[in-house]
$ cat coords22.pdb   # PDB, C-alpha atoms
ATOM      1  CA  ASN B  11     -16.442 -19.933  -2.374  1.00  0.00           C
ATOM      2  CA  PHE B  12     -15.465 -19.009   1.222  1.00  0.00           C
ATOM      3  CA  SER B  13     -13.001 -21.885   1.536  1.00  0.00           C
ATOM      4  CA  GLU B  14     -10.220 -20.504   3.688  1.00  0.00           C
ATOM      5  CA  SER B  15      -8.357 -23.818   3.819  1.00  0.00           C
ATOM      6  CA  THR B  16      -8.298 -24.138   0.008  1.00  0.00           C
ATOM      7  CA  ALA B  17      -7.077 -20.563  -0.396  1.00  0.00           C
ATOM      8  CA  GLU B  18      -4.364 -21.123   2.225  1.00  0.00           C
ATOM      9  CA  GLN B  19      -3.253 -24.351   0.524  1.00  0.00           C
ATOM     10  CA  VAL B  20      -2.965 -22.625  -2.837  1.00  0.00           C
ATOM     11  CA  LEU B  21      -0.985 -19.752  -1.316  1.00  0.00           C
ATOM     12  CA  ASN B  22       1.293 -22.121   0.605  1.00  0.00           C
ATOM     13  CA  GLN B  23       1.980 -24.052  -2.589  1.00  0.00           C
ATOM     14  CA  GLY B  24       2.718 -20.798  -4.427  1.00  0.00           C
ATOM     15  CA  PHE B  25       5.076 -19.571  -1.707  1.00  0.00           C
ATOM     16  CA  SER B  26       6.920 -22.908  -1.800  1.00  0.00           C
ATOM     17  CA  MET B  27       7.526 -22.542  -5.550  1.00  0.00           C
ATOM     18  CA  PHE B  28       8.078 -18.814  -6.125  1.00  0.00           C
ATOM     19  CA  PRO B  29       9.598 -15.810  -4.335  1.00  0.00           C
ATOM     20  CA  VAL B  30       7.421 -13.927  -1.856  1.00  0.00           C
ATOM     21  CA  GLU B  31       7.435 -10.844  -4.088  1.00  0.00           C
ATOM     22  CA  VAL B  32       6.041 -12.795  -7.045  1.00  0.00           C
ATOM     23  CA  ILE B  33       3.185 -14.375  -5.101  1.00  0.00           C
ATOM     24  CA  CYS B  34       2.322 -11.084  -3.416  1.00  0.00           C
ATOM     25  CA  THR B  35       2.165  -9.099  -6.644  1.00  0.00           C
ATOM     26  CA  GLU B  36       1.080 -11.715  -9.184  1.00  0.00           C
ATOM     27  CA  VAL B  37      -1.393 -13.661  -7.043  1.00  0.00           C
ATOM     28  CA  LEU B  38      -2.533 -11.589  -4.058  1.00  0.00           C
ATOM     29  CA  GLN B  39      -2.488  -8.132  -5.628  1.00  0.00           C
ATOM     30  CA  LYS B  40      -3.903  -9.227  -8.984  1.00  0.00           C
ATOM     31  CA  GLY B  41      -6.448 -11.423  -7.222  1.00  0.00           C
ATOM     32  CA  MET B  42      -7.614  -8.498  -5.088  1.00  0.00           C
ATOM     33  CA  ALA B  43      -7.922  -6.327  -8.193  1.00  0.00           C
ATOM     34  CA  GLU B  44      -9.907  -9.041  -9.961  1.00  0.00           C
ATOM     35  CA  ILE B  45     -12.337  -9.637  -7.122  1.00  0.00           C
ATOM     36  CA  GLY B  46     -12.718  -5.878  -6.681  1.00  0.00           C
ATOM     37  CA  GLY B  47     -13.642  -5.648 -10.356  1.00  0.00           C
ATOM     38  CA  LEU B  48     -16.108  -8.509  -9.965  1.00  0.00           C
ATOM     39  CA  TRP B  49     -17.694  -6.754  -6.995  1.00  0.00           C
ATOM     40  CA  TYR B  50     -17.836  -3.461  -8.902  1.00  0.00           C
ATOM     41  CA  SER B  51     -19.587  -5.170 -11.845  1.00  0.00           C
ATOM     42  CA  ASN B  52     -21.974  -6.919  -9.441  1.00  0.00           C
ATOM     43  CA  ASN B  53     -20.543 -10.364 -10.182  1.00  0.00           C
ATOM     44  CA  ALA B  54     -19.219 -10.945  -6.652  1.00  0.00           C
ATOM     45  CA  SER B  55     -20.840 -10.083  -3.355  1.00  0.00           C
ATOM     46  CA  VAL B  56     -19.448  -7.670  -0.807  1.00  0.00           C
ATOM     47  CA  GLN B  57     -19.104 -10.687   1.484  1.00  0.00           C
ATOM     48  CA  GLN B  58     -16.868 -12.440  -1.057  1.00  0.00           C
ATOM     49  CA  GLU B  59     -14.766  -9.313  -1.503  1.00  0.00           C
ATOM     50  CA  HIS B  60     -14.392  -8.824   2.261  1.00  0.00           C
ATOM     51  CA  PHE B  61     -13.579 -12.510   2.790  1.00  0.00           C
ATOM     52  CA  ALA B  62     -10.849 -12.445   0.129  1.00  0.00           C
ATOM     53  CA  SER B  63      -9.494  -9.128   1.437  1.00  0.00           C
ATOM     54  CA  GLY B  64      -9.338 -10.518   4.943  1.00  0.00           C
ATOM     55  CA  LEU B  65      -7.371 -13.560   3.790  1.00  0.00           C
ATOM     56  CA  ALA B  66      -4.940 -11.460   1.775  1.00  0.00           C
ATOM     57  CA  MET B  67      -4.426  -8.929   4.572  1.00  0.00           C
ATOM     58  CA  ARG B  68      -3.787 -11.642   7.154  1.00  0.00           C
ATOM     59  CA  ARG B  69      -1.164 -13.190   4.884  1.00  0.00           C
ATOM     60  CA  LEU B  70       0.556  -9.831   4.332  1.00  0.00           C
ATOM     61  CA  ASP B  71       0.493  -9.164   8.091  1.00  0.00           C
ATOM     62  CA  ALA B  72       2.100 -12.552   8.764  1.00  0.00           C
ATOM     63  CA  LEU B  73       4.790 -11.985   6.119  1.00  0.00           C
ATOM     64  CA  LEU B  74       5.502  -8.512   7.473  1.00  0.00           C
ATOM     65  CA  SER B  75       5.834  -9.877  11.012  1.00  0.00           C
ATOM     66  CA  ALA B  76       8.242 -12.542   9.775  1.00  0.00           C
ATOM     67  CA  SER B  77      10.391 -10.087   7.803  1.00  0.00           C
ATOM     68  CA  PRO B  78      14.025  -9.690   8.824  1.00  0.00           C
ATOM     69  CA  ALA B  79      15.205  -6.673  10.775  1.00  0.00           C
ATOM     70  CA  PRO B  80      16.107  -3.592   8.713  1.00  0.00           C
ATOM     71  CA  THR B  81      19.617  -3.481   7.302  1.00  0.00           C
ATOM     72  CA  LEU B  82      19.459   0.092   5.950  1.00  0.00           C
ATOM     73  CA  LYS B  83      19.356   3.341   7.928  1.00  0.00           C
ATOM     74  CA  GLN B  84      16.551   5.026   5.996  1.00  0.00           C
ATOM     75  CA  THR B  85      13.068   5.095   7.520  1.00  0.00           C
ATOM     76  CA  VAL B  86       9.955   5.036   5.356  1.00  0.00           C
ATOM     77  CA  LEU B  87       6.620   6.024   6.879  1.00  0.00           C
ATOM     78  CA  VAL B  88       3.621   4.553   5.024  1.00  0.00           C
ATOM     79  CA  GLY B  89      -0.065   5.226   5.507  1.00  0.00           C
ATOM     80  CA  CYS B  90      -3.369   6.367   4.118  1.00  0.00           C
ATOM     81  CA  PRO B  91      -4.728   9.907   4.271  1.00  0.00           C
ATOM     82  CA  PRO B  92      -7.981  10.736   6.072  1.00  0.00           C
ATOM     83  CA  ASN B  93     -10.974   8.632   5.021  1.00  0.00           C
ATOM     84  CA  GLU B  94      -8.908   6.119   3.048  1.00  0.00           C
ATOM     85  CA  TRP B  95      -9.708   2.634   4.343  1.00  0.00           C
ATOM     86  CA  HIS B  96      -8.223   0.467   1.580  1.00  0.00           C
ATOM     87  CA  THR B  97      -4.957  -0.749   3.065  1.00  0.00           C
ATOM     88  CA  PHE B  98      -3.887  -3.689   0.907  1.00  0.00           C
ATOM     89  CA  THR B  99      -1.579  -1.659  -1.351  1.00  0.00           C
ATOM     90  CA  PRO B 100       0.198   0.293   1.401  1.00  0.00           C
ATOM     91  CA  LEU B 101       0.659  -2.888   3.448  1.00  0.00           C
ATOM     92  CA  LEU B 102       2.079  -4.662   0.387  1.00  0.00           C
ATOM     93  CA  LEU B 103       4.415  -1.724  -0.204  1.00  0.00           C
ATOM     94  CA  CYS B 104       5.589  -1.957   3.433  1.00  0.00           C
ATOM     95  CA  LEU B 105       6.322  -5.648   3.075  1.00  0.00           C
ATOM     96  CA  LEU B 106       8.300  -5.230  -0.139  1.00  0.00           C
ATOM     97  CA  LEU B 107      10.284  -2.255   1.197  1.00  0.00           C
ATOM     98  CA  ARG B 108      11.070  -4.115   4.415  1.00  0.00           C
ATOM     99  CA  ARG B 109      12.246  -7.127   2.420  1.00  0.00           C
ATOM    100  CA  ARG B 110      14.672  -4.751   0.685  1.00  0.00           C
ATOM    101  CA  GLY B 111      16.117  -3.777   4.060  1.00  0.00           C
ATOM    102  CA  PHE B 112      14.386  -0.489   4.837  1.00  0.00           C
ATOM    103  CA  ARG B 113      13.004   0.412   8.225  1.00  0.00           C
ATOM    104  CA  VAL B 114       9.301   0.770   7.461  1.00  0.00           C
ATOM    105  CA  ILE B 115       6.673   2.120   9.802  1.00  0.00           C
ATOM    106  CA  TYR B 116       3.123   1.369   8.758  1.00  0.00           C
ATOM    107  CA  LEU B 117       0.458   3.739  10.103  1.00  0.00           C
ATOM    108  CA  GLY B 118      -2.525   2.150   8.362  1.00  0.00           C
ATOM    109  CA  ALA B 119      -5.827   3.663   7.292  1.00  0.00           C
ATOM    110  CA  ASN B 120      -7.411   7.042   7.875  1.00  0.00           C
ATOM    111  CA  VAL B 121      -4.449   8.905   9.380  1.00  0.00           C
ATOM    112  CA  PRO B 122      -4.989  12.643  10.059  1.00  0.00           C
ATOM    113  CA  ALA B 123      -2.396  14.862   8.342  1.00  0.00           C
ATOM    114  CA  GLU B 124      -0.964  16.219  11.591  1.00  0.00           C
ATOM    115  CA  ARG B 125      -0.288  12.674  12.816  1.00  0.00           C
ATOM    116  CA  PHE B 126       2.036  12.064   9.878  1.00  0.00           C
ATOM    117  CA  ALA B 127       4.066  15.149  10.793  1.00  0.00           C
ATOM    118  CA  GLU B 128       4.207  14.112  14.467  1.00  0.00           C
ATOM    119  CA  THR B 129       5.419  10.637  13.601  1.00  0.00           C
ATOM    120  CA  VAL B 130       7.988  11.896  11.073  1.00  0.00           C
ATOM    121  CA  SER B 131       9.548  13.967  13.847  1.00  0.00           C
ATOM    122  CA  ALA B 132       9.392  11.154  16.387  1.00  0.00           C
ATOM    123  CA  VAL B 133      10.998   8.485  14.175  1.00  0.00           C
ATOM    124  CA  HIS B 134      13.161  10.713  11.922  1.00  0.00           C
ATOM    125  CA  ALA B 135      11.494   9.381   8.773  1.00  0.00           C
ATOM    126  CA  ASN B 136      13.252  10.078   5.501  1.00  0.00           C
ATOM    127  CA  ILE B 137      10.077   9.949   3.425  1.00  0.00           C
ATOM    128  CA  VAL B 138       6.316   9.648   3.888  1.00  0.00           C
ATOM    129  CA  VAL B 139       4.448   7.462   1.402  1.00  0.00           C
ATOM    130  CA  LEU B 140       0.702   8.106   1.021  1.00  0.00           C
ATOM    131  CA  VAL B 141      -1.766   5.902  -0.847  1.00  0.00           C
ATOM    132  CA  ALA B 142      -5.235   6.900  -2.072  1.00  0.00           C
ATOM    133  CA  GLN B 143      -7.678   4.811  -4.079  1.00  0.00           C
ATOM    134  CA  THR B 144     -10.620   7.193  -4.676  1.00  0.00           C
ATOM    135  CA  LEU B 145     -11.129  10.764  -5.799  1.00  0.00           C
ATOM    136  CA  ILE B 146     -12.278  11.826  -2.339  1.00  0.00           C
ATOM    137  CA  THR B 147      -9.223  10.368  -0.656  1.00  0.00           C
ATOM    138  CA  ALA B 148      -6.958  11.842  -3.351  1.00  0.00           C
ATOM    139  CA  ALA B 149      -8.220  15.238  -2.180  1.00  0.00           C
ATOM    140  CA  ALA B 150      -7.316  14.297   1.398  1.00  0.00           C
ATOM    141  CA  LEU B 151      -3.937  13.047   0.161  1.00  0.00           C
ATOM    142  CA  HIS B 152      -3.422  16.401  -1.568  1.00  0.00           C
ATOM    143  CA  ALA B 153      -4.032  18.290   1.676  1.00  0.00           C
ATOM    144  CA  THR B 154      -1.768  15.939   3.649  1.00  0.00           C
ATOM    145  CA  ALA B 155       1.024  16.077   1.055  1.00  0.00           C
ATOM    146  CA  HIS B 156       0.756  19.865   0.917  1.00  0.00           C
ATOM    147  CA  SER B 157       1.145  20.261   4.685  1.00  0.00           C
ATOM    148  CA  LEU B 158       4.072  17.806   4.787  1.00  0.00           C
ATOM    149  CA  THR B 159       5.938  19.382   1.852  1.00  0.00           C
ATOM    150  CA  GLU B 160       5.505  22.818   3.428  1.00  0.00           C
ATOM    151  CA  MET B 161       7.411  21.414   6.419  1.00  0.00           C
ATOM    152  CA  LYS B 162      10.114  20.152   4.007  1.00  0.00           C
ATOM    153  CA  ILE B 163       9.147  16.502   4.567  1.00  0.00           C
ATOM    154  CA  PRO B 164       9.637  14.404   1.410  1.00  0.00           C
ATOM    155  CA  VAL B 165       6.402  12.817   0.187  1.00  0.00           C
ATOM    156  CA  GLY B 166       5.794   9.999  -2.262  1.00  0.00           C
ATOM    157  CA  TYR B 167       2.290   9.004  -3.299  1.00  0.00           C
ATOM    158  CA  GLY B 168       0.310   6.666  -5.469  1.00  0.00           C
ATOM    159  CA  GLY B 169      -2.809   4.568  -5.702  1.00  0.00           C
ATOM    160  CA  ARG B 170      -5.500   3.407  -8.058  1.00  0.00           C
ATOM    161  CA  ILE B 171      -7.094   6.836  -8.585  1.00  0.00           C
ATOM    162  CA  PHE B 172      -3.882   8.210 -10.115  1.00  0.00           C
ATOM    163  CA  ASN B 173      -3.870   5.352 -12.625  1.00  0.00           C
ATOM    164  CA  LEU B 174      -7.512   5.969 -13.541  1.00  0.00           C
ATOM    165  CA  HIS B 175      -7.147   9.763 -13.751  1.00  0.00           C
ATOM    166  CA  PRO B 176      -3.474  10.549 -14.452  1.00  0.00           C
ATOM    167  CA  GLY B 177      -4.052  14.303 -14.583  1.00  0.00           C
ATOM    168  CA  ILE B 178      -4.711  14.420 -10.842  1.00  0.00           C
ATOM    169  CA  LYS B 179      -1.053  13.771 -10.087  1.00  0.00           C
ATOM    170  CA  ASP B 180      -0.145  17.120 -11.641  1.00  0.00           C
ATOM    171  CA  HIS B 181      -1.836  18.830  -8.680  1.00  0.00           C
ATOM    172  CA  ILE B 182      -0.315  16.800  -5.840  1.00  0.00           C
ATOM    173  CA  PRO B 183       2.882  18.075  -4.212  1.00  0.00           C
ATOM    174  CA  GLY B 184       5.524  15.407  -3.807  1.00  0.00           C
ATOM    175  CA  HIS B 185       6.742  12.534  -5.940  1.00  0.00           C
ATOM    176  CA  TYR B 186       4.345  10.342  -7.876  1.00  0.00           C
ATOM    177  CA  LEU B 187       5.561   6.777  -7.325  1.00  0.00           C
ATOM    178  CA  GLY B 188       4.248   5.248 -10.534  1.00  0.00           C
ATOM    179  CA  HIS B 189       1.480   2.998 -11.719  1.00  0.00           C
ATOM    180  CA  SER B 190       2.571  -0.223  -9.980  1.00  0.00           C
ATOM    181  CA  VAL B 191       3.990  -1.419  -6.669  1.00  0.00           C
ATOM    182  CA  ASP B 192       7.242  -2.343  -8.449  1.00  0.00           C
ATOM    183  CA  SER B 193       7.655   1.177  -9.836  1.00  0.00           C
ATOM    184  CA  ALA B 194       6.794   2.612  -6.406  1.00  0.00           C
ATOM    185  CA  ILE B 195       9.543   0.537  -4.769  1.00  0.00           C
ATOM    186  CA  GLU B 196      12.091   1.675  -7.365  1.00  0.00           C
ATOM    187  CA  LYS B 197      11.070   5.324  -7.006  1.00  0.00           C
ATOM    188  CA  VAL B 198      11.244   5.224  -3.185  1.00  0.00           C
ATOM    189  CA  GLU B 199      14.726   3.711  -3.454  1.00  0.00           C
ATOM    190  CA  THR B 200      15.887   6.528  -5.748  1.00  0.00           C
ATOM    191  CA  LEU B 201      14.368   9.176  -3.472  1.00  0.00           C
ATOM    192  CA  LEU B 202      16.219   7.804  -0.472  1.00  0.00           C
TER     193      LEU B 202
END
$ encode --input "coords22.pdb" --output "structure tokens"
Amino acid sequence: NFSESTAEQVLNQGFSMFPVEVICTEVLQKGMAEIGGLWYSNNASVQQEHFASGLAMRRLDALLSASPAPTLKQTVLVGCPPNEWHTFTPLLLCLLLRRRGFRVIYLGANVPAERFAETVSAVHANIVVLVAQTLITAAALHATAHSLTEMKIPVGYGGRIFNLHPGIKDHIPGHYLGHSVDSAIEKVETLL
């Protein structure tokens, strides 16, 4: 209902009662999935979806900024392939990895493949994590993952499209990180 103060109060109450990881996955992530489904079925407006996304993204940004300094040596580079603009999941993944002590560099949406390779070299990243939500961006992820794996750069990937169409993952070079953020975190930890 476009009530930012009510949403913030509910989140603040949740964060005072439960761990950050629980609120981020059980409230923010599931809430974003629900409102996305409502929008897709024409039961919520694009304005409502954008409003909710904006609130959730601002909260993740604030939590990421407030995260402690890395305690582990490994560097994880996270971003979206070309034409992927949905950044909630990769930002959530960054937050959860950082809270586990990893040095995480978030590149955001719509990153050209060659920029990933440049940044890997510049920051000595141990793994690149790519997230795609649609079939079109899964194709871009495929091209990006292919170029990175040819350069012997470890790649992990995931996103909604791989849950909807599991067969696609058989064609992507790199390591599929699983069907949830929790499984992605565990897989990244084992790959490092």
$ residues_around --input "coords22.pdb" --residues "Asn120 of chain B" --least-positions-apart "2" --cutoff "7 Å" --atoms "only C-alpha atoms" --output "compact mmCIF listing (two decimals) with C-alpha atoms, in the coordinates of the input"
# COMPACT_ATOMS: atom_id res chain seq x y z
CA CYS B 90 -3.37 6.37 4.12
CA PRO B 91 -4.73 9.91 4.27
CA PRO B 92 -7.98 10.74 6.07
CA ASN B 93 -10.97 8.63 5.02
CA GLU B 94 -8.91 6.12 3.05
CA TRP B 95 -9.71 2.63 4.34
CA GLY B 118 -2.52 2.15 8.36
CA PRO B 122 -4.99 12.64 10.06
$ resolve_selection --input "coords22.pdb" --expression "the PyMOL selection byres ((chain B and resi 30) around 12)" --output "CSV table (one decimal) with C-alpha atoms, keeping the file's coordinate frame"
chain,number,residue,atom,x,y,z
B,21,LEU,CA,-1.0,-19.8,-1.3
B,22,ASN,CA,1.3,-22.1,0.6
B,23,GLN,CA,2.0,-24.1,-2.6
B,24,GLY,CA,2.7,-20.8,-4.4
B,25,PHE,CA,5.1,-19.6,-1.7
B,26,SER,CA,6.9,-22.9,-1.8
B,27,MET,CA,7.5,-22.5,-5.6
B,28,PHE,CA,8.1,-18.8,-6.1
B,29,PRO,CA,9.6,-15.8,-4.3
B,31,GLU,CA,7.4,-10.8,-4.1
B,32,VAL,CA,6.0,-12.8,-7.0
B,33,ILE,CA,3.2,-14.4,-5.1
B,34,CYS,CA,2.3,-11.1,-3.4
B,35,THR,CA,2.2,-9.1,-6.6
B,36,GLU,CA,1.1,-11.7,-9.2
B,37,VAL,CA,-1.4,-13.7,-7.0
B,38,LEU,CA,-2.5,-11.6,-4.1
B,69,ARG,CA,-1.2,-13.2,4.9
B,70,LEU,CA,0.6,-9.8,4.3
B,72,ALA,CA,2.1,-12.6,8.8
B,73,LEU,CA,4.8,-12.0,6.1
B,74,LEU,CA,5.5,-8.5,7.5
B,76,ALA,CA,8.2,-12.5,9.8
B,77,SER,CA,10.4,-10.1,7.8
B,102,LEU,CA,2.1,-4.7,0.4
B,105,LEU,CA,6.3,-5.6,3.1
B,106,LEU,CA,8.3,-5.2,-0.1
B,109,ARG,CA,12.2,-7.1,2.4
B,110,ARG,CA,14.7,-4.8,0.7
$ closest_residue --input "coords22.pdb" --among "B:Val114, B:Val121, B:Ala54, B:Val20" --to "Pro78 of chain B" --atoms "all atoms listed in the file"
B:Val114
$ atom_distance --input "coords22.pdb" --atom1 "atom CA of Lys40 of chain B" --atom2 "atom CA of Ala62 of chain B"
11.9 Å
$ closest_residue --input "coords22.pdb" --among "B:Pro100, B:Gly89, B:Pro80, B:Gly188" --to "Arg125 of chain B" --atoms "all atoms listed in the file"
B:Gly89
$ residues_around --input "coords22.pdb" --residues "Gly168 of chain B" --least-positions-apart "5" --cutoff "8 Å" --atoms "all atoms listed in the file" --output "JSON list (two decimals) with C-alpha atoms, in the frame of the given file"
[["chain", "number", "residue", "atom", "x", "y", "z"],
["B", 140, "LEU", "CA", 0.70, 8.11, 1.02],
["B", 141, "VAL", "CA", -1.77, 5.90, -0.85],
["B", 142, "ALA", "CA", -5.24, 6.90, -2.07],
["B", 186, "TYR", "CA", 4.34, 10.34, -7.88],
["B", 187, "LEU", "CA", 5.56, 6.78, -7.32],
["B", 188, "GLY", "CA", 4.25, 5.25, -10.53],
["B", 189, "HIS", "CA", 1.48, 3.00, -11.72],
["B", 194, "ALA", "CA", 6.79, 2.61, -6.41]]
$ closest_residue --input "coords22.pdb" --among "B:Asn173, B:Asn136, B:Gln143, B:Thr97" --to "Arg68 of chain B" --atoms "all atoms listed in the file"
B:Thr97
$ atom_distance --input "coords22.pdb" --atom1 "atom CA of Thr147 of chain B" --atom2 "atom CA of Ala66 of chain B"
22.4 Å
$ closest_residue --input "coords22.pdb" --among "B:Ala119, B:Val198, B:Leu101, B:Val133" --to "Leu151 of chain B" --atoms "all atoms listed in the file"
B:Ala119
$ resolve_selection --input "coords22.pdb" --expression "the PyMOL selection byres ((chain B and resi 138) around 10)" --output "PyMOL selection string"
chain B and resi 85-89+115+126-127+129-130+135-137+139-140+155+158-159+163-167+184+198
$ write_last_selection --input "coords22.pdb" --atoms "C-alpha atoms" --output "short mmCIF file (atom, residue, chain, number, x, y, z; two decimals), in the coordinates of the input"
data_model
loop_
_atom_site.label_atom_id
_atom_site.label_comp_id
_atom_site.auth_asym_id
_atom_site.auth_seq_id
_atom_site.Cartn_x
_atom_site.Cartn_y
_atom_site.Cartn_z
CA THR B 85 13.07 5.10 7.52
CA VAL B 86 9.96 5.04 5.36
CA LEU B 87 6.62 6.02 6.88
CA VAL B 88 3.62 4.55 5.02
CA GLY B 89 -0.06 5.23 5.51
CA ILE B 115 6.67 2.12 9.80
CA PHE B 126 2.04 12.06 9.88
CA ALA B 127 4.07 15.15 10.79
CA THR B 129 5.42 10.64 13.60
CA VAL B 130 7.99 11.90 11.07
CA ALA B 135 11.49 9.38 8.77
CA ASN B 136 13.25 10.08 5.50
CA ILE B 137 10.08 9.95 3.42
CA VAL B 139 4.45 7.46 1.40
CA LEU B 140 0.70 8.11 1.02
CA ALA B 155 1.02 16.08 1.06
CA LEU B 158 4.07 17.81 4.79
CA THR B 159 5.94 19.38 1.85
CA ILE B 163 9.15 16.50 4.57
CA PRO B 164 9.64 14.40 1.41
CA VAL B 165 6.40 12.82 0.19
CA GLY B 166 5.79 10.00 -2.26
CA TYR B 167 2.29 9.00 -3.30
CA GLY B 184 5.52 15.41 -3.81
CA VAL B 198 11.24 5.22 -3.18
#
$ resolve_selection --input "coords22.pdb" --expression "the PyMOL selection byres ((chain B and resi 178) around 12)" --output "PyMOL selection string"
chain B and resi 142+144-149+151-152+167-177+179-183+186
$ write_last_selection --input "coords22.pdb" --atoms "C-alpha atoms" --output "mmCIF file, in the coordinates of the input"
data_model
loop_
_atom_site.group_PDB
_atom_site.id
_atom_site.type_symbol
_atom_site.label_atom_id
_atom_site.label_comp_id
_atom_site.auth_asym_id
_atom_site.auth_seq_id
_atom_site.Cartn_x
_atom_site.Cartn_y
_atom_site.Cartn_z
ATOM 1 C CA ALA B 142 -5.235 6.900 -2.072
ATOM 2 C CA THR B 144 -10.620 7.193 -4.676
ATOM 3 C CA LEU B 145 -11.129 10.764 -5.799
ATOM 4 C CA ILE B 146 -12.278 11.826 -2.339
ATOM 5 C CA THR B 147 -9.223 10.368 -0.656
ATOM 6 C CA ALA B 148 -6.958 11.842 -3.351
ATOM 7 C CA ALA B 149 -8.220 15.238 -2.180
ATOM 8 C CA LEU B 151 -3.937 13.047 0.161
ATOM 9 C CA HIS B 152 -3.422 16.401 -1.568
ATOM 10 C CA TYR B 167 2.290 9.004 -3.299
ATOM 11 C CA GLY B 168 0.310 6.666 -5.469
ATOM 12 C CA GLY B 169 -2.809 4.568 -5.702
ATOM 13 C CA ARG B 170 -5.500 3.407 -8.058
ATOM 14 C CA ILE B 171 -7.094 6.836 -8.585
ATOM 15 C CA PHE B 172 -3.882 8.210 -10.115
ATOM 16 C CA ASN B 173 -3.870 5.352 -12.625
ATOM 17 C CA LEU B 174 -7.512 5.969 -13.541
ATOM 18 C CA HIS B 175 -7.147 9.763 -13.751
ATOM 19 C CA PRO B 176 -3.474 10.549 -14.452
ATOM 20 C CA GLY B 177 -4.052 14.303 -14.583
ATOM 21 C CA LYS B 179 -1.053 13.771 -10.087
ATOM 22 C CA ASP B 180 -0.145 17.120 -11.641
ATOM 23 C CA HIS B 181 -1.836 18.830 -8.680
ATOM 24 C CA ILE B 182 -0.315 16.800 -5.840
ATOM 25 C CA PRO B 183 2.882 18.075 -4.212
ATOM 26 C CA TYR B 186 4.345 10.342 -7.876
#
$ atom_distance --input "coords22.pdb" --atom1 "atom CA of Glu124 of chain B" --atom2 "atom CA of Thr154 of chain B"
8.0 Å
$ closest_residue --input "coords22.pdb" --among "B:Ser157, B:Ser190, B:Gln19, B:Gln39" --to "Met67 of chain B" --atoms "all atoms listed in the file"
B:Gln39
$ closest_residue --input "coords22.pdb" --among "B:His60, B:Val191, B:Ala153, B:Ala132" --to "Cys104 of chain B" --atoms "all atoms listed in the file"
B:Val191
$ axis_aligned_box --input "coords22.pdb" --around "segment 123-128 of chain B" --padding-each-side "3 Å" --output "AutoDock Vina command-line options"
--center_x 0.9 --center_y 14.1 --center_z 11.4 --size_x 12.6 --size_y 10.2 --size_z 12.1
